[in-house]
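Containing compact mmCIF, C-alpha atoms: my_file15.txt.
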```txt
# COMPACT_ATOMS: atom_id res chain seq x y z
CA MET C 1303 0.00 0.00 0.00
CA LYS C 1304 2.93 2.34 0.68
CA ILE C 1305 4.04 2.22 -2.96
CA PHE C 1306 0.58 3.33 -4.13
CA ALA C 1307 0.57 6.26 -1.70
CA ASP C 1308 4.09 7.14 -2.82
CA LEU C 1309 3.07 7.00 -6.51
CA PHE C 1310 -0.02 9.13 -5.94
CA ILE C 1311 1.75 11.76 -3.82
CA THR C 1312 4.77 11.95 -6.14
CA PHE C 1313 2.64 12.39 -9.26
CA ALA C 1314 0.22 14.76 -7.51
CA LYS C 1315 3.19 16.97 -6.59
CA ILE C 1316 4.42 16.82 -10.18
CA GLY C 1317 0.94 17.60 -11.50
CA ALA C 1318 0.55 20.49 -9.07
CA VAL C 1319 3.69 22.33 -10.13
CA THR C 1320 3.73 21.62 -13.84
CA PHE C 1321 2.53 24.45 -16.03
CA GLY C 1322 2.62 24.21 -19.79
CA GLY C 1323 1.81 20.56 -20.32
CA GLY C 1324 3.86 17.44 -20.83
CA TYR C 1325 7.02 19.03 -22.26
CA ALA C 1326 7.37 21.43 -19.36
CA MET C 1327 6.89 18.47 -17.03
CA LEU C 1328 10.00 16.67 -18.32
CA PRO C 1329 12.61 18.35 -16.06
CA ILE C 1330 10.46 17.75 -13.00
CA LEU C 1331 9.80 14.13 -14.00
CA GLN C 1332 13.49 13.59 -14.66
CA ARG C 1333 14.44 14.90 -11.23
CA GLU C 1334 11.69 13.09 -9.29
CA ILE C 1335 11.42 9.80 -11.18
CA VAL C 1336 14.99 9.24 -12.37
CA GLU C 1337 17.14 11.00 -9.76
CA ASN C 1338 15.10 10.95 -6.53
CA LYS C 1339 12.90 7.83 -6.71
CA ARG C 1340 14.97 5.84 -9.21
CA TRP C 1341 11.81 4.40 -10.75
CA GLY C 1342 13.31 4.68 -14.23
CA THR C 1343 16.27 5.83 -16.29
CA ASP C 1344 16.70 8.84 -18.56
CA GLU C 1345 16.44 6.51 -21.53
CA GLU C 1346 13.18 4.98 -20.29
CA LEU C 1347 11.76 8.43 -19.66
CA ALA C 1348 12.64 9.47 -23.22
CA ASP C 1349 11.00 6.27 -24.51
CA TYR C 1350 7.85 6.93 -22.48
CA TYR C 1351 7.71 10.44 -23.93
CA ALA C 1352 8.01 9.09 -27.46
CA ILE C 1353 5.27 6.53 -26.85
CA GLY C 1354 3.17 9.15 -25.07
CA GLN C 1355 3.44 11.33 -28.16
CA CYS C 1356 2.05 8.51 -30.32
CA THR C 1357 -0.85 7.54 -28.08
CA PRO C 1358 -4.10 9.41 -27.52
CA GLY C 1359 -4.30 11.69 -24.53
CA VAL C 1360 -2.11 14.11 -22.65
CA ILE C 1361 1.60 13.26 -22.66
CA ALA C 1362 2.00 13.89 -18.93
CA VAL C 1363 -0.83 11.51 -18.09
CA ASN C 1364 0.50 8.85 -20.47
CA VAL C 1365 4.00 9.05 -18.98
CA GLY C 1366 2.58 8.87 -15.46
CA THR C 1367 0.61 5.78 -16.46
CA PHE C 1368 3.69 4.09 -17.97
CA ILE C 1369 5.87 4.80 -14.94
CA GLY C 1370 3.17 3.78 -12.47
CA ARG C 1371 2.61 0.52 -14.33
CA LYS C 1372 6.35 -0.18 -14.38
CA VAL C 1373 6.61 0.40 -10.63
CA ALA C 1374 3.42 -1.33 -9.41
CA GLY C 1375 1.61 -2.97 -12.31
CA ILE C 1376 -1.77 -1.89 -13.65
CA PRO C 1377 -3.00 -0.60 -10.25
CA GLY C 1378 0.19 1.50 -10.06
CA GLY C 1379 -0.53 2.95 -13.50
CA ILE C 1380 -4.02 3.90 -12.43
CA VAL C 1381 -2.83 5.46 -9.16
CA ALA C 1382 -0.05 7.47 -10.88
CA THR C 1383 -2.52 8.68 -13.51
CA LEU C 1384 -4.97 9.80 -10.85
CA GLY C 1385 -2.12 11.55 -9.03
CA VAL C 1386 -1.12 13.53 -12.13
CA VAL C 1387 -4.64 14.73 -12.91
CA PHE C 1388 -5.84 15.30 -9.33
CA PRO C 1389 -4.29 18.78 -8.83
CA SER C 1390 -5.56 19.98 -12.21
CA VAL C 1391 -9.09 18.78 -11.53
CA VAL C 1392 -9.14 20.54 -8.16
CA ILE C 1393 -7.61 23.77 -9.48
CA ILE C 1394 -9.85 23.89 -12.57
CA ALA C 1395 -12.95 23.20 -10.48
CA LEU C 1396 -12.04 26.08 -8.15
CA LEU C 1397 -11.09 28.51 -10.91
CA ALA C 1398 -13.77 27.70 -13.49
CA GLY C 1399 -16.31 30.04 -11.99
CA VAL C 1400 -14.03 33.04 -11.60
CA ILE C 1401 -11.50 32.82 -14.43
CA GLN C 1402 -13.63 34.72 -16.92
CA ALA C 1403 -14.21 37.53 -14.46
CA TYR C 1404 -10.48 38.11 -13.99
CA SER C 1405 -9.02 37.16 -17.38
CA SER C 1406 -9.50 40.67 -18.74
CA LEU C 1407 -7.43 42.29 -15.97
CA GLU C 1408 -4.06 43.59 -17.17
CA TRP C 1409 -2.04 42.05 -14.34
CA VAL C 1410 -3.59 38.63 -15.05
CA LYS C 1411 -2.66 38.92 -18.74
CA HIS C 1412 0.90 39.90 -17.78
CA ALA C 1413 1.16 37.03 -15.30
CA PHE C 1414 0.16 34.52 -17.98
CA ALA C 1415 2.64 36.08 -20.42
CA GLY C 1416 5.40 35.57 -17.83
CA ILE C 1417 4.31 31.98 -17.20
CA ARG C 1418 4.49 31.26 -20.96
CA VAL C 1419 8.11 32.51 -21.03
CA CYS C 1420 8.97 30.27 -18.08
CA VAL C 1421 7.38 27.26 -19.80
CA CYS C 1422 9.52 27.89 -22.90
CA VAL C 1423 12.65 27.83 -20.75
CA LEU C 1424 11.56 24.58 -19.05
CA ILE C 1425 10.96 22.95 -22.42
CA PHE C 1426 14.34 24.17 -23.71
CA ASN C 1427 16.09 22.73 -20.64
CA ALA C 1428 14.36 19.38 -21.20
CA VAL C 1429 15.53 19.35 -24.83
CA ILE C 1430 19.12 20.03 -23.79
CA LYS C 1431 19.07 17.18 -21.25
CA LEU C 1432 17.52 14.72 -23.69
CA PHE C 1433 19.80 15.79 -26.55
CA GLY C 1434 22.91 14.59 -24.72
CA LYS C 1435 21.35 11.19 -24.06
CA ALA C 1436 19.78 10.71 -27.50
CA ILE C 1437 22.54 11.86 -29.86
CA ILE C 1438 25.15 9.17 -29.31
CA ASP C 1439 26.73 8.72 -32.75
CA ARG C 1440 26.70 10.09 -36.29
CA TRP C 1441 23.58 8.07 -37.20
CA THR C 1442 21.50 9.53 -34.40
CA LEU C 1443 22.84 13.00 -35.21
CA GLY C 1444 21.80 12.51 -38.84
CA MET C 1445 18.35 11.32 -37.78
CA TYR C 1446 18.06 14.33 -35.48
CA LEU C 1447 18.94 16.78 -38.24
CA LEU C 1448 16.54 15.14 -40.74
CA ILE C 1449 13.67 15.10 -38.24
CA LEU C 1450 14.40 18.69 -37.20
CA ALA C 1451 14.34 19.82 -40.83
CA GLY C 1452 11.22 17.79 -41.52
CA SER C 1453 9.38 19.20 -38.52
CA VAL C 1454 10.30 22.75 -39.53
CA PHE C 1455 9.43 22.48 -43.23
CA LEU C 1456 6.71 19.82 -43.35
CA ASN C 1457 3.28 20.01 -41.79
CA TRP C 1458 3.25 16.38 -40.66
CA SER C 1459 1.89 14.90 -37.46
CA PRO C 1460 4.54 14.20 -34.80
CA VAL C 1461 3.33 10.60 -34.86
CA ILE C 1462 4.72 10.20 -38.39
CA PHE C 1463 8.14 11.44 -37.28
CA VAL C 1464 8.17 9.12 -34.27
CA VAL C 1465 7.18 6.08 -36.36
CA LEU C 1466 9.75 6.90 -39.06
CA ALA C 1467 12.45 7.46 -36.43
CA GLY C 1468 11.61 4.11 -34.81
CA LEU C 1469 11.86 2.34 -38.17
CA ALA C 1470 15.12 4.13 -38.98
CA GLY C 1471 16.52 3.13 -35.58
CA VAL C 1472 15.71 -0.52 -36.24
CA ILE C 1473 17.21 -0.41 -39.72
CA LEU C 1474 20.35 1.54 -38.78
CA LYS C 1475 21.18 -0.53 -35.72
CA ARG C 1476 21.05 -3.86 -37.62
```
Rewrite the structure of this file - the entire thing - as structure tokens.
Amino acid sequence: MKIFADLFITFAKIGAVTFGGGYAMLPILQREIVENKRWGTDEELADYYAIGQCTPGVIAVNVGTFIGRKVAGIPGGIVATLGVVFPSVVIIALLAGVIQAYSSLEWVKHAFAGIRVCVCVLIFNAVIKLFGKAIIDRWTLGMYLLILAGSVFLNWSPVIFVVLAGLAGVILKR
């Protein structure tokens, strides 16, 4: 029972302090899950993100489900998922009635503009950390550059890039 409480509390804390969605959550997940709890590795976390990108739903919830399932089976996945969404449900329920009344205030607009800048920095930091783990040789660097160019110039779904990268990884590593 302790592991379920630990999963719920850990993911509720992550869910409570993560603004900006799944990408902004990566540095917090990396610190809590990989460094503090040791429930997974950097590589596993990157894999969960890739799979989370290809599956329906919110990336943060999907990653929480994967990690929870790894740690404590299907019940662990359910508990971790509930932990991630719990803070958002509570906050949204409390704010839903008043958000429209205050959204037109200048200081509220400025606060959200500042939060968006912070989220960009968190995402950038996550990319830097993952880059060092993902780009390990000239083949992965080539894949990175091709996918980067494709994502900039093509209007394709991220799922297509993930599937193609997975196939290229299988082919190149044989």
Find the spatial neighbours of Asn1427 (chain C), counting all atoms listed in the file, within a cut-off of 10 Å - ignore same-chain residues fewer than 6 positions away - and output them as a PyMOL selection string. chain C and resi 1325-1326+1328-1329+1421+1433
Within 12 Å of (13.3, 21.1, -10.3), only C-alpha atoms: residues as a PDB file with C-alpha atoms, keeping the file's coordinate frame?
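Okay, result.pdb is ready:
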```pdb
ATOM      1  CA  LYS C1315       3.190  16.970  -6.590  1.00  0.00           C
ATOM      2  CA  ILE C1316       4.420  16.820 -10.180  1.00  0.00           C
ATOM      3  CA  VAL C1319       3.690  22.330 -10.130  1.00  0.00           C
ATOM      4  CA  THR C1320       3.730  21.620 -13.840  1.00  0.00           C
ATOM      5  CA  ALA C1326       7.370  21.430 -19.360  1.00  0.00           C
ATOM      6  CA  MET C1327       6.890  18.470 -17.030  1.00  0.00           C
ATOM      7  CA  LEU C1328      10.000  16.670 -18.320  1.00  0.00           C
ATOM      8  CA  PRO C1329      12.610  18.350 -16.060  1.00  0.00           C
ATOM      9  CA  ILE C1330      10.460  17.750 -13.000  1.00  0.00           C
ATOM     10  CA  LEU C1331       9.800  14.130 -14.000  1.00  0.00           C
ATOM     11  CA  GLN C1332      13.490  13.590 -14.660  1.00  0.00           C
ATOM     12  CA  ARG C1333      14.440  14.900 -11.230  1.00  0.00           C
ATOM     13  CA  GLU C1334      11.690  13.090  -9.290  1.00  0.00           C
ATOM     14  CA  ILE C1335      11.420   9.800 -11.180  1.00  0.00           C
ATOM     15  CA  GLU C1337      17.140  11.000  -9.760  1.00  0.00           C
ATOM     16  CA  ASN C1338      15.100  10.950  -6.530  1.00  0.00           C
ATOM     17  CA  LEU C1424      11.560  24.580 -19.050  1.00  0.00           C
ATOM     18  CA  ASN C1427      16.090  22.730 -20.640  1.00  0.00           C
ATOM     19  CA  ALA C1428      14.360  19.380 -21.200  1.00  0.00           C
TER      20      ALA C1428
END
```
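Counting from CA of Gly1385 (chain C), the distance to CA of Ile1311 (chain C) is 6.5 Å.
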Between C:Val1336, C:Val1381, C:Val1387, C:Val1410, which has the minimum distance to Ile1361 (chain C) (counting all atoms listed in the file)? C:Val1387
Name the closest residue to Ile1393 (chain C) among the candidates C:Gly1317, C:Lys1475, C:Phe1306, C:Leu1347; distances are taken between atoms, counting all atoms listed in the file.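 Under the stated criterion, the closest residue is C:Gly1317.
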Nearest to Ser1390 (chain C) by atom-to-atom distance, counting all atoms listed in the file, from C:Gly1434, C:Ala1318, C:Phe1310, C:Arg1371: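 With all atoms listed in the file as the atom set, the closest residue is C:Ala1318.
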Enter the distance from CA of Ala1436 (chain C) to CA of Tyr1351 (chain C), in Å, rounded to one decimal. 12.6 Å
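Of the residues listed (C:Phe1414, C:Phe1313, C:Trp1341, C:Tyr1350), C:Tyr1350 shows the shortest atom-to-atom separation from Val1464 (chain C); distances use all atoms listed in the file.
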Using CA of Val1391 (chain C) and CA of Gly1379 (chain C) as the two end points, give the distance in Å to one decimal.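 That distance, rounded to one decimal, is 18.1 Å.
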Within 12 Å of region 1466-1473 of chain C: each region 1320-1397 of chain C residue with its shortest pair, only C-alpha atoms, as a tab-separated table:
```
residue	atom	partner	partner_atom	distance
C:Asp1349	CA	C:Gly1468	CA	10.5
C:Ala1352	CA	C:Gly1468	CA	9.6
C:Ile1353	CA	C:Gly1468	CA	10.5
C:Cys1356	CA	C:Gly1468	CA	11.4
```
So which residues touch Ala1374 (chain C) within 12 Å, counting all atoms listed in the file, skipping near sequence neighbours fewer than 3 positions away, as a list in words? Met1303, Lys1304, Ile1305, Phe1306, Ala1307, Asp1308, Leu1309, Phe1310, Trp1341, Gly1366, Thr1367, Phe1368, Ile1369, Gly1370, Arg1371, Pro1377, Gly1378, Gly1379, Ile1380, Val1381 and Ala1382 of chain C
Mind working out the centre and edge lengths of an axis-aligned box for region 1347-1353 of chain C, all listed atoms inside, 5 Å added to each side, rounded to one decimal in Å and written as AutoDock Vina command-line options?
```
--center_x 9.0 --center_y 8.4 --center_z -23.6 --size_x 17.4 --size_y 14.2 --size_z 17.8
```
